[in-house]
Amino acid sequence: MCQSRGGMPEVLLSPWHPRDTRGRETDMSHKVPPVYQVPNEGEQAQRLAYLSETFISAFSQEPQFFTRAPGRVNLIGEHVDYCGYAVFPMAVELDIIIAVATNTSGTLNVCNVDPSYSPFSCDMNSFEINKDKLAWFNYVLCGVQGIKEEGGLSGPFIGLNLAVSGNIPHSSGLSSSSALVCASALSMSHAHGLSLSLENLAEICARCERHIGTQGGGMDQAISFLATKGTAKLIEFNPLHATTVVLPPGATFVVANSLAPMNKAANSYFNCRVMECRLAAQVMAKRAGLPWRTFQRLGELQRALDMTLPQMITMVEDTFEVRPYSKRQVCELLNTTPDEINQVSLSENTRHIQEFKLHDRALHVFSEAHRVWEFKRACEEGGVMALERLGRLMQESHKSTQLLYECSHPKLDSLVEHSKGLAYGARLTGAGWGGCMVALVEDGKVEQYKDHLWKHCYSKEPAAQGRPRDSYLFTSHPGPGACVFVK
């Protein structure tokens with residue numbers, strides 16, 4: 001802070017101030033998904049060949065093209081995208097690939113190379129997504145429906161045959177479901193000859209995933225389309241912007257699966273946090289004399305107040321007690337009724353919740369959003385302490401998700417605890433409640449680190465027995481974004 005002429009503090013623009021736009025990239029808005037020739041050698045070529053065999057067996061025709069969408073690991077910035085704040089993911093090399101061909105029957109036919117996933121068929125021009133019935137193909141339907149609604153086409157739509165192959169561990173926090181949505185939307189778009197931009201596709205996919213009831217924020221879809229090989233991305237929202245960030249040399253990211261699966265669409269944990277943040281924004285808006293019903297995200301409130309993130313943290317402490325608030329108490333703070341809270345603030349699957357932790361959720365969001373910019377700053381400034389700075393921020397992030405957001409899991413906490421001393425830092429990645437942890441490890445200590453985790457966390461874990469170690473404990477470098485393969 002510095003002093004203005006009138007003696008009052010003057011807020012300096014900084015990376016954590018809502019008006020700051022330094023370093024943003026805008027050239028992605030005109031780029032469309034790249035189209036490549038089908039590779040004729042390597043692991044990718046082998047997967048595509050096997051997928052083609054599955055496709056031919058299922059549909060008695062050869063695929064006309066393939067779409068690919070990667071999973072992701074979020075390095076820092078958990079549970080802040082749906083509040084309007086920047087995140088810091090990178091695409092992983094694991095992905096979803098779909099073989100595609102059109103048909104003349106007007107049907108959407110879907111199968112999977114994994115026989116445990118049942119095939120599905122429906123009328124392309126008339127189907128409904130049953131969000132109350134969990135099914136893997138619902139994510140395919142979301143992607144297709146998104147293009148039907150927002151692709152700029154009018155029906156009738158072309159029938160499609162789709163065969164799916166994925167090597168992203170299911171319910172691991174690496175965004176296998178969103179990658180499936182993205183690959184499906186890209187399949188629908190390319191089959192209908194659309195030239196939608198990467199940003200447009202990402203935004204469509206973020207919105208259409210709500211057809212299955214997930215109130216996400218758009219990070220997974222954005223990095224799946226906007227990723228570039230060898231770099232991470234700082235991704236901002238409303239509007240969508242991506243900034244390329246080169247990570248400091250000398251360290252590797254190791255991903256460790258807790259082997260505790262969690263499907264965020266299967267329960268209200270995830271959506272409950274979204275609604276708690278919404279209620280916190282509304283109560284703070286009311287206290288500031290703003291029309292609280294117009295606010296849905298904490299980020300919107302910060303912009304309206306024109307305050308920095310540290311100032312918002314102070315406001316949280318001044319507004320809330322460190323305790324849960326009952327729905328009745330929230331109604332009193334907003335001077336409203338439970339019926340209006342249900343309609344204005346809560347989603348359909350969270351209206352039954354009677355208690356909300358407004359202080360802790362808002363404090364996590366503002367402090368985590370601040371850490372994202374500090375992470376970017378550490379990468380750009382570099383220096384001998386850069387990796388230590390990144391590791392410290394990752395440790396702080398995990399502690400916040402564990403204690404304030406309460407979205408960790410004992411197995412994740414154990415992995416993080418056993419990372420101390422061998423990793424610069426470690427934290428859960430993804431929604432939490434299971435799934436994966438990501439650790440920043442010195443290049444020369446990666447194998448030692450993996451051996452240490454195997455000995456102390458996996459050797460006696462029943463879910464790890466008989467499985468290749470690299471299926472749940474692996475390194476990943478920043479991978480490329482979504483694309484199309486043609487013959």
# chains A, B, ... in the order shown; residues from 1 in each chain; ligands from 1
>>> residues_around(residues="Glu150 of chain A", least_positions_apart="6", cutoff="12 Å", atoms="only C-alpha atoms", output="JSON, numbers by chain")
{"A": [142, 143, 144, 185, 188, 189, 194, 196, 200, 201, 202, 203, 204, 205, 206, 207, 208]}
>>> select_by_dssp(residues="segment 213-268 of chain A", states="helix (DSSP H, G or I)", output="list in words")
Met219, Asp220, Gln221, Ala222, Ile223, Ser224, Phe225 and Leu226 of chain A
>>> residues_around(residues="segment 315-328 of chain A", least_positions_apart="4", cutoff="10 Å", atoms="only C-alpha atoms", output="VMD selection string")
chain A and resid 280 to 281 283 to 284 287 to 288 307 309 to 311 332 to 334 336 to 338 341 to 342 351 to 363 366
>>> closest_atom_pairs(of="segment 171-198 of chain A", to="segment 76-92 of chain A", cutoff="12 Å", atoms="only C-alpha atoms", output="CSV")
residue,atom,partner,partner_atom,distance
A:Gly173,CA,A:Glu78,CA,11.2
A:Leu174,CA,A:Val92,CA,8.3
A:Ser175,CA,A:Ala91,CA,9.9
A:Ser176,CA,A:Val92,CA,10.9
A:Ala179,CA,A:Ala91,CA,10.4
>>> residues_around(residues="Asp413 of chain A", least_positions_apart="3", cutoff="9 Å", atoms="only C-alpha atoms", output="ChimeraX atom specification")
/A:398,402,408-410,416-418,427-428,437
>>> select_by_dssp(residues="segment 294-410 of chain A", states="strand (DSSP E or B)", output="ChimeraX atom specification")
/A:325-326,355-356
>>> residues_around(residues="Ser177 of chain A", least_positions_apart="5", cutoff="9 Å", atoms="only C-alpha atoms", output="MDAnalysis selection string")
chainID A and resid 71 136 139 170:171 182
>>> atom_distance(atom1="atom CA of Ser172 of chain A", atom2="atom CA of Gly430 of chain A")
8.0 Å
>>> residues_around(residues="segment 455-458 of chain A", least_positions_apart="3", cutoff="9 Å", atoms="only C-alpha atoms", output="list in words")
Ser258, Lys411, Ser414, Leu415, His418, Lys450, Asp451, His452, Glu461, Pro462, Ala463, Ala464 and Gln465 of chain A
>>> atom_distance(atom1="atom CA of Glu209 of chain A", atom2="atom CA of Ser347 of chain A")
14.7 Å
>>> decode(residues="segment 320-469 of chain A", atoms="C-alpha atoms", output="PDB file, in the first residue's frame")
ATOM      1  CA  PHE A 320     -18.284 -14.546  10.397  1.00  0.00           C
ATOM      2  CA  GLU A 321     -17.709 -16.416  13.598  1.00  0.00           C
ATOM      3  CA  VAL A 322     -15.661 -19.610  13.375  1.00  0.00           C
ATOM      4  CA  ARG A 323     -18.647 -21.910  13.741  1.00  0.00           C
ATOM      5  CA  PRO A 324     -21.368 -23.481  11.614  1.00  0.00           C
ATOM      6  CA  TYR A 325     -24.454 -21.418  10.837  1.00  0.00           C
ATOM      7  CA  SER A 326     -27.894 -23.027  10.731  1.00  0.00           C
ATOM      8  CA  LYS A 327     -30.191 -22.298   7.795  1.00  0.00           C
ATOM      9  CA  ARG A 328     -32.372 -20.283  10.177  1.00  0.00           C
ATOM     10  CA  GLN A 329     -29.373 -18.156  11.194  1.00  0.00           C
ATOM     11  CA  VAL A 330     -28.427 -17.567   7.548  1.00  0.00           C
ATOM     12  CA  CYS A 331     -32.001 -16.451   6.898  1.00  0.00           C
ATOM     13  CA  GLU A 332     -31.732 -13.996   9.792  1.00  0.00           C
ATOM     14  CA  LEU A 333     -28.462 -12.581   8.427  1.00  0.00           C
ATOM     15  CA  LEU A 334     -30.063 -12.095   5.010  1.00  0.00           C
ATOM     16  CA  ASN A 335     -33.467 -11.054   6.390  1.00  0.00           C
ATOM     17  CA  THR A 336     -35.206 -13.634   4.244  1.00  0.00           C
ATOM     18  CA  THR A 337     -37.051 -16.952   4.411  1.00  0.00           C
ATOM     19  CA  PRO A 338     -35.965 -20.587   3.965  1.00  0.00           C
ATOM     20  CA  ASP A 339     -38.084 -20.782   0.807  1.00  0.00           C
ATOM     21  CA  GLU A 340     -36.217 -17.861  -0.759  1.00  0.00           C
ATOM     22  CA  ILE A 341     -32.853 -19.343   0.287  1.00  0.00           C
ATOM     23  CA  ASN A 342     -33.846 -22.577  -1.441  1.00  0.00           C
ATOM     24  CA  GLN A 343     -34.770 -20.763  -4.633  1.00  0.00           C
ATOM     25  CA  VAL A 344     -32.083 -18.052  -4.799  1.00  0.00           C
ATOM     26  CA  SER A 345     -29.056 -19.670  -3.179  1.00  0.00           C
ATOM     27  CA  LEU A 346     -29.235 -23.460  -3.059  1.00  0.00           C
ATOM     28  CA  SER A 347     -29.196 -26.122  -5.730  1.00  0.00           C
ATOM     29  CA  GLU A 348     -31.808 -28.832  -5.898  1.00  0.00           C
ATOM     30  CA  ASN A 349     -29.603 -31.416  -4.199  1.00  0.00           C
ATOM     31  CA  THR A 350     -28.476 -29.114  -1.368  1.00  0.00           C
ATOM     32  CA  ARG A 351     -31.813 -27.736  -0.152  1.00  0.00           C
ATOM     33  CA  HIS A 352     -31.971 -30.391   2.547  1.00  0.00           C
ATOM     34  CA  ILE A 353     -28.754 -29.146   4.201  1.00  0.00           C
ATOM     35  CA  GLN A 354     -29.396 -27.361   7.479  1.00  0.00           C
ATOM     36  CA  GLU A 355     -25.884 -26.210   8.483  1.00  0.00           C
ATOM     37  CA  PHE A 356     -23.216 -24.198   6.678  1.00  0.00           C
ATOM     38  CA  LYS A 357     -19.589 -23.376   7.548  1.00  0.00           C
ATOM     39  CA  LEU A 358     -19.388 -19.935   5.984  1.00  0.00           C
ATOM     40  CA  HIS A 359     -16.209 -18.658   7.696  1.00  0.00           C
ATOM     41  CA  ASP A 360     -14.039 -21.648   6.849  1.00  0.00           C
ATOM     42  CA  ARG A 361     -15.191 -22.030   3.250  1.00  0.00           C
ATOM     43  CA  ALA A 362     -14.759 -18.345   2.380  1.00  0.00           C
ATOM     44  CA  LEU A 363     -11.399 -18.162   4.166  1.00  0.00           C
ATOM     45  CA  HIS A 364     -10.119 -21.118   2.153  1.00  0.00           C
ATOM     46  CA  VAL A 365     -11.257 -19.628  -1.159  1.00  0.00           C
ATOM     47  CA  PHE A 366      -9.674 -16.203  -0.664  1.00  0.00           C
ATOM     48  CA  SER A 367      -6.414 -17.581   0.759  1.00  0.00           C
ATOM     49  CA  GLU A 368      -6.172 -20.279  -1.933  1.00  0.00           C
ATOM     50  CA  ALA A 369      -6.837 -17.728  -4.670  1.00  0.00           C
ATOM     51  CA  HIS A 370      -3.972 -15.682  -3.214  1.00  0.00           C
ATOM     52  CA  ARG A 371      -1.682 -18.738  -3.261  1.00  0.00           C
ATOM     53  CA  VAL A 372      -2.347 -19.262  -6.977  1.00  0.00           C
ATOM     54  CA  TRP A 373      -0.849 -15.861  -7.796  1.00  0.00           C
ATOM     55  CA  GLU A 374       2.043 -16.431  -5.400  1.00  0.00           C
ATOM     56  CA  PHE A 375       2.719 -19.742  -7.172  1.00  0.00           C
ATOM     57  CA  LYS A 376       2.806 -17.980 -10.539  1.00  0.00           C
ATOM     58  CA  ARG A 377       5.090 -15.297  -9.120  1.00  0.00           C
ATOM     59  CA  ALA A 378       7.511 -17.913  -7.758  1.00  0.00           C
ATOM     60  CA  CYS A 379       7.662 -19.593 -11.181  1.00  0.00           C
ATOM     61  CA  GLU A 380       8.358 -16.333 -12.985  1.00  0.00           C
ATOM     62  CA  GLU A 381      10.900 -14.976 -10.501  1.00  0.00           C
ATOM     63  CA  GLY A 382      12.796 -18.272 -10.339  1.00  0.00           C
ATOM     64  CA  GLY A 383      15.971 -18.298  -8.311  1.00  0.00           C
ATOM     65  CA  VAL A 384      17.549 -20.851  -6.017  1.00  0.00           C
ATOM     66  CA  MET A 385      14.574 -20.819  -3.646  1.00  0.00           C
ATOM     67  CA  ALA A 386      11.829 -21.111  -6.273  1.00  0.00           C
ATOM     68  CA  LEU A 387      11.154 -24.806  -5.716  1.00  0.00           C
ATOM     69  CA  GLU A 388      11.082 -24.357  -1.947  1.00  0.00           C
ATOM     70  CA  ARG A 389       8.570 -21.525  -2.364  1.00  0.00           C
ATOM     71  CA  LEU A 390       6.352 -23.674  -4.572  1.00  0.00           C
ATOM     72  CA  GLY A 391       6.545 -26.554  -2.117  1.00  0.00           C
ATOM     73  CA  ARG A 392       5.583 -24.337   0.813  1.00  0.00           C
ATOM     74  CA  LEU A 393       2.558 -23.030  -1.058  1.00  0.00           C
ATOM     75  CA  MET A 394       1.498 -26.587  -1.884  1.00  0.00           C
ATOM     76  CA  GLN A 395       1.762 -27.571   1.780  1.00  0.00           C
ATOM     77  CA  GLU A 396      -0.311 -24.562   2.836  1.00  0.00           C
ATOM     78  CA  SER A 397      -2.870 -25.416   0.180  1.00  0.00           C
ATOM     79  CA  HIS A 398      -3.295 -28.965   1.423  1.00  0.00           C
ATOM     80  CA  LYS A 399      -3.673 -27.833   5.013  1.00  0.00           C
ATOM     81  CA  SER A 400      -6.393 -25.413   3.930  1.00  0.00           C
ATOM     82  CA  THR A 401      -8.322 -28.042   1.971  1.00  0.00           C
ATOM     83  CA  GLN A 402      -7.940 -30.456   4.871  1.00  0.00           C
ATOM     84  CA  LEU A 403      -8.964 -28.176   7.745  1.00  0.00           C
ATOM     85  CA  LEU A 404     -10.998 -25.325   6.250  1.00  0.00           C
ATOM     86  CA  TYR A 405     -12.661 -26.944   3.238  1.00  0.00           C
ATOM     87  CA  GLU A 406     -12.770 -30.451   4.726  1.00  0.00           C
ATOM     88  CA  CYS A 407     -12.452 -32.151   1.358  1.00  0.00           C
ATOM     89  CA  SER A 408      -9.411 -34.313   1.999  1.00  0.00           C
ATOM     90  CA  HIS A 409      -9.323 -37.997   2.975  1.00  0.00           C
ATOM     91  CA  PRO A 410      -7.221 -39.917   5.542  1.00  0.00           C
ATOM     92  CA  LYS A 411      -5.381 -41.723   2.742  1.00  0.00           C
ATOM     93  CA  LEU A 412      -4.565 -38.422   1.033  1.00  0.00           C
ATOM     94  CA  ASP A 413      -3.389 -36.948   4.331  1.00  0.00           C
ATOM     95  CA  SER A 414      -1.156 -39.978   4.860  1.00  0.00           C
ATOM     96  CA  LEU A 415       0.449 -39.574   1.434  1.00  0.00           C
ATOM     97  CA  VAL A 416       1.077 -35.888   2.104  1.00  0.00           C
ATOM     98  CA  GLU A 417       2.512 -36.610   5.549  1.00  0.00           C
ATOM     99  CA  HIS A 418       4.871 -39.278   4.210  1.00  0.00           C
ATOM    100  CA  SER A 419       6.031 -36.856   1.493  1.00  0.00           C
ATOM    101  CA  LYS A 420       7.642 -34.548   4.019  1.00  0.00           C
ATOM    102  CA  GLY A 421      11.411 -34.608   3.832  1.00  0.00           C
ATOM    103  CA  LEU A 422      11.549 -36.128   0.352  1.00  0.00           C
ATOM    104  CA  ALA A 423       9.297 -33.724  -1.567  1.00  0.00           C
ATOM    105  CA  TYR A 424       9.354 -29.946  -1.697  1.00  0.00           C
ATOM    106  CA  GLY A 425       5.628 -30.046  -1.116  1.00  0.00           C
ATOM    107  CA  ALA A 426       2.539 -32.155  -1.676  1.00  0.00           C
ATOM    108  CA  ARG A 427      -1.208 -31.598  -1.775  1.00  0.00           C
ATOM    109  CA  LEU A 428      -4.452 -33.190  -2.859  1.00  0.00           C
ATOM    110  CA  THR A 429      -5.446 -32.440  -6.434  1.00  0.00           C
ATOM    111  CA  GLY A 430      -8.970 -32.436  -7.781  1.00  0.00           C
ATOM    112  CA  ALA A 431     -12.182 -32.241  -5.822  1.00  0.00           C
ATOM    113  CA  GLY A 432     -10.795 -34.354  -2.990  1.00  0.00           C
ATOM    114  CA  TRP A 433     -12.616 -36.807  -0.717  1.00  0.00           C
ATOM    115  CA  GLY A 434     -10.288 -39.371  -2.249  1.00  0.00           C
ATOM    116  CA  GLY A 435      -8.544 -39.401  -5.590  1.00  0.00           C
ATOM    117  CA  CYS A 436      -4.983 -38.223  -6.121  1.00  0.00           C
ATOM    118  CA  MET A 437      -2.203 -36.235  -4.505  1.00  0.00           C
ATOM    119  CA  VAL A 438       0.486 -34.336  -6.430  1.00  0.00           C
ATOM    120  CA  ALA A 439       3.999 -33.810  -5.088  1.00  0.00           C
ATOM    121  CA  LEU A 440       6.884 -31.631  -6.280  1.00  0.00           C
ATOM    122  CA  VAL A 441      10.037 -33.747  -6.082  1.00  0.00           C
ATOM    123  CA  GLU A 442      13.684 -33.052  -6.912  1.00  0.00           C
ATOM    124  CA  ASP A 443      14.609 -34.820 -10.149  1.00  0.00           C
ATOM    125  CA  GLY A 444      17.287 -36.956  -8.522  1.00  0.00           C
ATOM    126  CA  LYS A 445      14.999 -38.152  -5.726  1.00  0.00           C
ATOM    127  CA  VAL A 446      11.976 -39.282  -7.726  1.00  0.00           C
ATOM    128  CA  GLU A 447      12.614 -43.033  -7.541  1.00  0.00           C
ATOM    129  CA  GLN A 448      13.634 -42.818  -3.901  1.00  0.00           C
ATOM    130  CA  TYR A 449      10.417 -40.919  -3.217  1.00  0.00           C
ATOM    131  CA  LYS A 450       8.271 -43.475  -5.035  1.00  0.00           C
ATOM    132  CA  ASP A 451       9.942 -46.324  -3.131  1.00  0.00           C
ATOM    133  CA  HIS A 452       9.284 -44.502   0.133  1.00  0.00           C
ATOM    134  CA  LEU A 453       5.571 -44.056  -0.622  1.00  0.00           C
ATOM    135  CA  TRP A 454       5.248 -47.655  -1.738  1.00  0.00           C
ATOM    136  CA  LYS A 455       6.836 -48.943   1.457  1.00  0.00           C
ATOM    137  CA  HIS A 456       4.863 -46.754   3.854  1.00  0.00           C
ATOM    138  CA  CYS A 457       1.533 -46.264   2.044  1.00  0.00           C
ATOM    139  CA  TYR A 458       0.964 -48.915  -0.622  1.00  0.00           C
ATOM    140  CA  SER A 459       2.720 -52.142   0.406  1.00  0.00           C
ATOM    141  CA  LYS A 460      -0.111 -53.091   2.754  1.00  0.00           C
ATOM    142  CA  GLU A 461      -2.921 -51.412   0.809  1.00  0.00           C
ATOM    143  CA  PRO A 462      -5.301 -54.118  -0.498  1.00  0.00           C
ATOM    144  CA  ALA A 463      -6.369 -52.012  -3.495  1.00  0.00           C
ATOM    145  CA  ALA A 464      -2.728 -51.806  -4.660  1.00  0.00           C
ATOM    146  CA  GLN A 465      -2.023 -55.516  -4.599  1.00  0.00           C
ATOM    147  CA  GLY A 466      -1.580 -57.117  -7.993  1.00  0.00           C
ATOM    148  CA  ARG A 467      -1.584 -53.782  -9.799  1.00  0.00           C
ATOM    149  CA  PRO A 468       1.401 -52.276 -11.634  1.00  0.00           C
ATOM    150  CA  ARG A 469       2.943 -49.579  -9.484  1.00  0.00           C
TER     151      ARG A 469
END
